[in-house]
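Colleague: Structure file work27.txt (compact mmCIF, C-alpha atoms) right here:
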```
# COMPACT_ATOMS: atom_id res chain seq x y z
CA GLU A 1 122.98 97.40 103.06
CA THR A 2 120.76 100.01 101.51
CA GLY A 3 117.43 101.54 102.41
CA VAL A 4 115.63 100.48 105.56
CA THR A 5 116.34 97.11 107.12
CA GLN A 6 114.48 95.31 109.89
CA THR A 7 115.36 92.33 112.05
CA PRO A 8 114.14 89.80 112.72
CA ARG A 9 111.86 89.26 109.75
CA HIS A 10 109.74 86.77 111.68
CA LEU A 11 109.21 86.41 115.42
CA VAL A 12 107.08 84.07 117.47
CA MET A 13 106.84 84.86 121.16
CA GLY A 14 104.82 83.87 124.16
CA MET A 15 102.81 86.36 126.17
CA THR A 16 105.36 86.38 128.99
CA ASN A 17 108.41 86.86 126.78
CA LYS A 18 110.42 90.02 126.24
CA LYS A 19 111.82 90.67 122.79
CA SER A 20 112.99 93.60 120.68
CA LEU A 21 112.53 94.58 117.05
CA LYS A 22 115.32 96.46 115.33
CA CYS A 23 115.22 98.91 112.46
CA GLU A 24 118.16 100.56 110.72
CA GLN A 25 118.09 103.12 107.95
CA HIS A 26 120.99 103.85 105.62
CA LEU A 27 119.44 106.87 103.91
CA GLY A 28 120.72 109.69 106.09
CA HIS A 29 117.20 110.50 107.26
CA ASN A 30 116.33 112.22 110.51
CA ALA A 31 112.89 110.81 111.22
CA MET A 32 111.89 107.24 111.94
CA TYR A 33 108.51 105.62 112.46
CA TRP A 34 106.91 102.43 113.73
CA TYR A 35 103.68 101.22 112.10
CA LYS A 36 101.45 98.23 112.84
CA GLN A 37 99.78 96.44 109.93
CA SER A 38 97.03 94.03 110.97
CA ALA A 39 95.09 91.81 108.63
CA LYS A 40 91.79 93.61 108.94
CA LYS A 41 92.79 97.18 109.76
CA PRO A 42 94.47 100.04 107.94
CA LEU A 43 98.13 100.68 108.61
CA GLU A 44 98.40 102.32 112.06
CA LEU A 45 101.09 104.79 113.06
CA MET A 46 102.52 103.91 116.48
CA PHE A 47 105.53 106.13 117.16
CA VAL A 48 107.46 108.93 115.49
CA TYR A 49 111.00 110.03 116.26
CA ASN A 50 112.48 113.19 114.79
CA PHE A 51 116.19 113.82 115.41
CA LYS A 52 116.09 111.11 118.12
CA GLU A 53 113.26 112.82 119.99
CA GLN A 54 109.89 111.13 120.25
CA THR A 55 107.31 113.45 118.70
CA GLU A 56 104.37 111.10 118.47
CA ASN A 57 102.92 108.34 120.62
CA ASN A 58 99.68 107.35 119.04
CA SER A 59 97.95 105.99 122.16
CA VAL A 60 100.03 102.84 122.06
CA PRO A 61 99.85 100.49 125.08
CA SER A 62 102.85 100.58 127.38
CA ARG A 63 103.72 96.96 126.55
CA PHE A 64 105.31 98.51 123.44
CA SER A 65 108.34 100.63 124.29
CA PRO A 66 110.31 102.42 121.55
CA GLU A 67 113.94 103.46 121.71
CA CYS A 68 115.86 105.64 119.29
CA PRO A 69 119.56 105.85 120.26
CA ASN A 70 120.50 107.76 117.10
CA SER A 71 118.92 108.88 113.84
CA SER A 72 119.84 105.63 112.09
CA HIS A 73 118.50 103.09 114.58
CA LEU A 74 115.09 102.45 116.05
CA PHE A 75 114.00 99.68 118.39
CA LEU A 76 110.65 98.45 119.57
CA HIS A 77 110.84 96.61 122.89
CA LEU A 78 108.03 94.17 123.51
CA HIS A 79 106.85 92.65 126.79
CA THR A 80 103.74 90.85 128.02
CA LEU A 81 102.09 91.08 124.63
CA GLN A 82 98.60 89.85 123.80
CA PRO A 83 97.55 87.61 120.89
CA GLU A 84 95.84 90.61 119.26
CA ASP A 85 99.27 92.23 118.97
CA SER A 86 100.14 89.70 116.28
CA ALA A 87 100.73 91.75 113.14
CA LEU A 88 103.32 92.99 110.68
CA TYR A 89 105.40 95.76 112.25
CA LEU A 90 106.83 98.17 109.73
CA CYS A 91 109.56 100.68 110.24
CA ALA A 92 109.89 103.74 108.01
CA SER A 93 112.16 106.74 107.71
CA SER A 94 112.01 110.15 106.09
CA GLN A 95 114.10 113.30 105.86
CA SER A 96 112.15 114.95 108.65
CA SER A 97 108.75 114.48 110.20
CA ARG A 98 108.23 118.25 110.17
CA ASP A 99 108.64 118.70 106.42
CA ARG A 100 105.16 118.18 105.05
CA ASP A 101 106.47 117.22 101.64
CA TYR A 102 108.36 114.27 103.05
CA GLU A 103 108.29 110.83 101.53
CA GLN A 104 108.56 107.81 103.77
CA TYR A 105 110.68 104.80 102.95
CA PHE A 106 109.56 101.54 104.50
CA GLY A 107 111.45 98.50 105.71
CA PRO A 108 110.34 94.94 104.89
CA GLY A 109 108.65 94.49 108.25
CA THR A 110 108.74 91.99 111.10
CA ARG A 111 105.95 89.44 111.13
CA LEU A 112 105.12 88.99 114.82
CA THR A 113 103.03 86.14 116.17
CA VAL A 114 102.08 86.13 119.85
CA THR A 115 101.08 82.73 121.20
CA GLU B 1 88.94 112.69 112.59
CA LEU B 2 90.27 112.05 109.12
CA LYS B 3 89.05 108.85 107.47
CA VAL B 4 90.46 107.45 104.25
CA GLU B 5 88.41 105.06 102.15
CA GLN B 6 89.59 103.15 99.14
CA ASN B 7 87.50 101.30 96.66
CA PRO B 8 87.45 98.72 95.49
CA LEU B 9 89.26 96.75 98.19
CA PHE B 10 89.84 93.90 95.81
CA LEU B 11 90.14 94.01 92.05
CA SER B 12 90.75 91.20 89.62
CA MET B 13 91.30 92.26 86.04
CA GLN B 14 92.59 90.99 82.75
CA GLU B 15 95.90 92.05 81.28
CA GLY B 16 95.53 94.85 78.77
CA LYS B 17 92.51 96.42 80.45
CA ASN B 18 92.24 99.85 82.06
CA TYR B 19 90.94 100.46 85.53
CA THR B 20 90.81 103.07 88.29
CA ILE B 21 91.21 102.83 92.05
CA TYR B 22 89.52 105.54 94.10
CA CYS B 23 90.61 107.14 97.35
CA ASN B 24 88.18 109.37 99.24
CA TYR B 25 89.03 111.20 102.43
CA SER B 26 86.81 112.95 104.90
CA THR B 27 88.54 116.21 105.90
CA THR B 28 90.61 118.83 104.17
CA SER B 29 94.13 117.88 103.17
CA ASP B 30 96.51 118.86 100.44
CA ARG B 31 98.97 116.01 100.73
CA LEU B 32 98.20 112.55 99.40
CA TYR B 33 100.46 109.56 98.90
CA TRP B 34 100.15 106.35 96.95
CA TYR B 35 102.12 103.26 97.95
CA ARG B 36 102.50 99.79 96.54
CA GLN B 37 103.07 96.66 98.62
CA ASP B 38 104.00 93.26 97.20
CA PRO B 39 103.21 90.21 99.35
CA GLY B 40 105.70 89.87 102.17
CA LYS B 41 107.53 93.05 101.18
CA SER B 42 107.87 96.71 102.07
CA LEU B 43 105.63 99.54 101.06
CA GLU B 44 107.11 101.32 98.08
CA SER B 45 106.32 104.98 97.50
CA LEU B 46 104.71 105.57 94.11
CA PHE B 47 103.44 109.14 94.10
CA VAL B 48 103.28 112.17 96.34
CA LEU B 49 100.51 114.59 95.32
CA LEU B 50 100.93 118.03 96.79
CA SER B 51 98.22 120.27 95.40
CA ASN B 52 94.79 120.43 93.87
CA GLY B 53 94.84 119.25 90.29
CA ALA B 54 98.17 117.48 90.66
CA VAL B 55 98.70 114.67 88.20
CA LYS B 56 101.66 112.35 88.15
CA GLN B 57 102.46 109.46 85.86
CA GLU B 58 104.93 106.63 86.04
CA GLY B 59 104.73 103.97 83.36
CA ARG B 60 101.22 102.52 83.29
CA LEU B 61 100.15 104.25 86.51
CA MET B 62 98.73 107.74 86.74
CA ALA B 63 97.59 109.43 89.94
CA SER B 64 95.54 112.59 90.34
CA LEU B 65 94.27 114.69 93.20
CA ASP B 66 91.12 116.79 93.53
CA THR B 67 91.27 118.45 96.94
CA LYS B 68 87.85 120.06 96.53
CA ALA B 69 86.20 116.69 96.00
CA ARG B 70 88.60 115.07 98.52
CA LEU B 71 89.31 112.43 95.95
CA SER B 72 92.38 110.86 94.43
CA THR B 73 92.43 108.32 91.65
CA LEU B 74 95.06 105.83 90.60
CA HIS B 75 94.52 104.88 86.98
CA ILE B 76 96.03 101.76 85.48
CA THR B 77 96.47 101.68 81.73
CA ALA B 78 96.81 98.41 79.80
CA ALA B 79 97.49 96.40 82.92
CA VAL B 80 100.29 93.86 83.02
CA HIS B 81 100.80 91.01 85.49
CA ASP B 82 103.73 92.77 87.18
CA LEU B 83 101.34 95.39 88.53
CA SER B 84 99.64 92.82 90.78
CA ALA B 85 100.08 94.14 94.33
CA THR B 86 98.22 95.95 97.09
CA TYR B 87 97.94 99.70 96.58
CA PHE B 88 97.49 102.07 99.51
CA CYS B 89 96.57 105.68 99.54
CA ALA B 90 97.47 107.80 102.55
CA VAL B 91 96.49 111.32 103.50
CA LEU B 92 98.23 113.86 105.70
CA ASN B 93 95.87 115.22 108.35
CA ARG B 94 95.91 118.57 110.16
CA ASP B 95 98.15 117.16 112.88
CA ASP B 96 100.68 116.11 110.25
CA LYS B 97 99.87 112.43 110.75
CA ILE B 98 99.64 110.19 107.73
CA ILE B 99 96.39 108.19 107.72
CA PHE B 100 96.29 105.13 105.48
CA GLY B 101 93.40 103.54 103.63
CA LYS B 102 92.79 99.80 103.91
CA GLY B 103 94.44 99.13 100.59
CA THR B 104 93.26 97.76 97.26
CA ARG B 105 94.46 94.28 96.41
CA LEU B 106 94.96 94.19 92.66
CA HIS B 107 95.21 90.85 90.89
CA ILE B 108 95.96 90.94 87.18
CA LEU B 109 95.19 87.78 85.27
CA PRO B 110 97.46 86.81 82.40
```
What does the file become when written as structure tokens?
Modeller:
Amino acid sequence: ETGVTQTPRHLVMGMTNKKSLKCEQHLGHNAMYWYKQSAKKPLELMFVYNFKEQTENNSVPSRFSPECPNSSHLFLHLHTLQPEDSALYLCASSQSSRDRDYEQYFGPGTRLTVT
Amino acid sequence: ELKVEQNPLFLSMQEGKNYTIYCNYSTTSDRLYWYRQDPGKSLESLFVLLSNGAVKQEGRLMASLDTKARLSTLHITAAVHDLSATYFCAVLNRDDKIIFGKGTRLHILP
């Protein structure tokens, strides 16, 4: 596997379910990110982890809970979601979130539908 | 609050033609990124523009940055069908957050 991978690619869940999205990067990067891409809105940054420490929580509701056990893996735990949370969730990584010249590499995304 | 606006949001053009996508942003920044996204796929980094007057070219795409005008352009030369995709610009704000535009969906007709 190369680059940034995400699983599952598609997920349908009810509002009472609990599920997790997984992201893995094989680039040796130290920073990882979660983004939400909705049909009618710009790409929104949700969370940033730098060297496994969360450095950014962009006013995301608590029904989204990130976890970064190491620099290569990032999870997004989901519970009691709302239909408006249906979107494409993209993971990205970069060398460091503190290097302003960084370039982010994106995964293919998880298409989430909340019913 | 930094806002990033792209125009047009949708562009349909013939192969062989030239066109430009514009990216305006509302507050000072000296870091601008262009990404490409194919349907159902990842965002792919195209260009990172780091200073005023920066110009970068890759194949039929050329990007430039004017930090004084708060404007970046992505110019397409002699378009080919393979360039059909959605193109995003993104700008680094003062808090080191990357703010994305809504994207320009480019459709190139054979």
Colleague: Using all atoms listed in the file, find which residues of chain B lie within 10 Å of chain A and jot them down as a ChimeraX atom specification.
Modeller: /B:4-5,30-33,35,37,40-50,88,90,92,96-103
Colleague: List every protein, DNA or RNA residue that has at least one atom no more than 6 Å from (109.3, 110.5, 108.9) in the file's coordinates, counting only C-alpha atoms, and write the result as a PyMOL selection string.
Modeller: chain A and resi 31-32+93-94+96-97+104
Colleague: Taking C-alpha atoms for each residue, export the selection above as a compact mmCIF listing (two decimals), in the frame of the given file.
Modeller:
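Full text of again-v2.txt as output:
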```
# COMPACT_ATOMS: atom_id res chain seq x y z
CA ALA A 31 112.89 110.81 111.22
CA MET A 32 111.89 107.24 111.94
CA SER A 93 112.16 106.74 107.71
CA SER A 94 112.01 110.15 106.09
CA SER A 96 112.15 114.95 108.65
CA SER A 97 108.75 114.48 110.20
CA GLN A 104 108.56 107.81 103.77
```
Colleague: Skipping near chain neighbours, those fewer than 2 positions away, what residues fall within 7 Å of Thr67 of chain B using only C-alpha atoms, listed as an NGL selection string?
Modeller: :B and (29-30 or 52 or 65 or 69-71)
Colleague: Which is closer to Gln6 of chain B than all the others in B:Gln57, B:Pro110, B:Asn18, B:Arg105, using all atoms listed in the file?
Modeller: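 Checking each candidate against Gln6 of chain B, we get B:Arg105 as the closest.
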Colleague: Distance atom CA of Thr104 of chain B-atom CA of Phe64 of chain A, one decimal place?
Modeller: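 Distance between the two atoms: 28.8 Å.
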Colleague: Please provide the set of residues having any atom within 12 Å of Ser62 of chain A, restricted to all atoms listed in the file, with same-chain residues fewer than 5 positions apart removed, written as a PyMOL selection string.
Modeller: chain A and resi 46-47+57+76-81
Colleague: Keeping C-alpha atoms, write segment 3-95 of chain A of the structure just shown out as a tab-separated table (two decimals), in the first residue's frame.
Modeller:
```tsv
chain	number	residue	atom	x	y	z
A	3	GLY	CA	0.09	6.95	0.04
A	4	VAL	CA	-2.93	7.49	2.23
A	5	THR	CA	-5.59	4.81	2.53
A	6	GLN	CA	-9.03	5.00	4.08
A	7	THR	CA	-11.53	2.35	5.09
A	8	PRO	CA	-14.32	1.79	4.57
A	9	ARG	CA	-14.84	3.60	1.28
A	10	HIS	CA	-18.60	3.67	1.77
A	11	LEU	CA	-20.64	3.54	4.98
A	12	VAL	CA	-24.35	3.70	5.64
A	13	MET	CA	-25.37	4.01	9.26
A	14	GLY	CA	-28.42	4.78	11.31
A	15	MET	CA	-28.55	7.67	13.74
A	16	THR	CA	-28.20	5.36	16.74
A	17	ASN	CA	-25.25	3.38	15.40
A	18	LYS	CA	-21.61	3.65	16.40
A	19	LYS	CA	-18.99	3.23	13.72
A	20	SER	CA	-15.37	4.20	13.07
A	21	LEU	CA	-13.50	5.47	10.04
A	22	LYS	CA	-9.87	4.48	9.62
A	23	CYS	CA	-7.03	6.26	7.90
A	24	GLU	CA	-3.48	5.02	7.39
A	25	GLN	CA	-0.57	6.83	5.80
A	26	HIS	CA	2.51	5.13	4.41
A	27	LEU	CA	4.49	8.30	3.72
A	28	GLY	CA	6.40	8.71	6.98
A	29	HIS	CA	4.52	11.91	7.77
A	30	ASN	CA	3.99	13.31	11.24
A	31	ALA	CA	0.73	15.20	10.81
A	32	MET	CA	-2.70	13.85	9.97
A	33	TYR	CA	-5.99	15.58	9.30
A	34	TRP	CA	-9.71	14.90	9.01
A	35	TYR	CA	-11.77	16.95	6.55
A	36	LYS	CA	-15.49	16.94	5.75
A	37	GLN	CA	-16.58	17.51	2.16
A	38	SER	CA	-20.30	18.23	1.76
A	39	ALA	CA	-22.08	18.72	-1.52
A	40	LYS	CA	-22.77	22.40	-1.10
A	41	LYS	CA	-19.96	23.60	1.14
A	42	PRO	CA	-16.21	24.08	0.81
A	43	LEU	CA	-13.94	21.44	2.26
A	44	GLU	CA	-13.96	21.86	6.06
A	45	LEU	CA	-11.04	21.04	8.33
A	46	MET	CA	-12.22	19.05	11.36
A	47	PHE	CA	-9.17	17.85	13.30
A	48	VAL	CA	-5.40	18.08	13.13
A	49	TYR	CA	-2.89	15.79	14.82
A	50	ASN	CA	0.81	16.58	14.89
A	51	PHE	CA	3.12	13.90	16.29
A	52	LYS	CA	0.04	12.14	17.74
A	53	GLU	CA	-1.07	15.25	19.63
A	54	GLN	CA	-4.30	16.96	18.69
A	55	THR	CA	-3.49	20.53	17.72
A	56	GLU	CA	-6.76	21.56	16.15
A	57	ASN	CA	-10.42	20.92	16.86
A	58	ASN	CA	-12.36	23.10	14.52
A	59	SER	CA	-15.55	23.42	16.58
A	60	VAL	CA	-16.60	19.91	15.66
A	61	PRO	CA	-19.60	18.40	17.52
A	62	SER	CA	-18.74	15.81	20.14
A	63	ARG	CA	-20.52	13.08	18.18
A	64	PHE	CA	-17.28	12.99	16.17
A	65	SER	CA	-14.36	11.70	18.23
A	66	PRO	CA	-10.87	11.42	16.71
A	67	GLU	CA	-8.12	9.08	17.84
A	68	CYS	CA	-4.50	9.03	16.74
A	69	PRO	CA	-2.63	6.07	18.31
A	70	ASN	CA	0.53	6.73	16.28
A	71	SER	CA	1.73	8.96	13.46
A	72	SER	CA	0.60	6.49	10.80
A	73	HIS	CA	-2.98	5.86	11.92
A	74	LEU	CA	-5.96	8.09	12.47
A	75	PHE	CA	-9.50	7.14	13.40
A	76	LEU	CA	-12.76	9.01	13.48
A	77	HIS	CA	-15.30	7.47	15.86
A	78	LEU	CA	-18.90	8.26	15.06
A	79	HIS	CA	-21.96	8.02	17.30
A	80	THR	CA	-25.51	9.36	17.25
A	81	LEU	CA	-24.94	11.15	13.97
A	82	GLN	CA	-27.48	13.32	12.19
A	83	PRO	CA	-28.55	13.14	8.53
A	84	GLU	CA	-26.71	16.42	7.87
A	85	ASP	CA	-23.48	14.62	8.76
A	86	SER	CA	-23.75	12.70	5.52
A	87	ALA	CA	-20.69	13.71	3.50
A	88	LEU	CA	-17.36	12.57	2.13
A	89	TYR	CA	-14.80	12.36	4.94
A	90	LEU	CA	-11.26	12.86	3.76
A	91	CYS	CA	-8.09	12.06	5.60
A	92	ALA	CA	-4.81	13.79	4.76
A	93	SER	CA	-1.24	13.74	5.97
A	94	SER	CA	1.78	16.00	5.72
A	95	GLN	CA	5.34	16.17	7.03
```
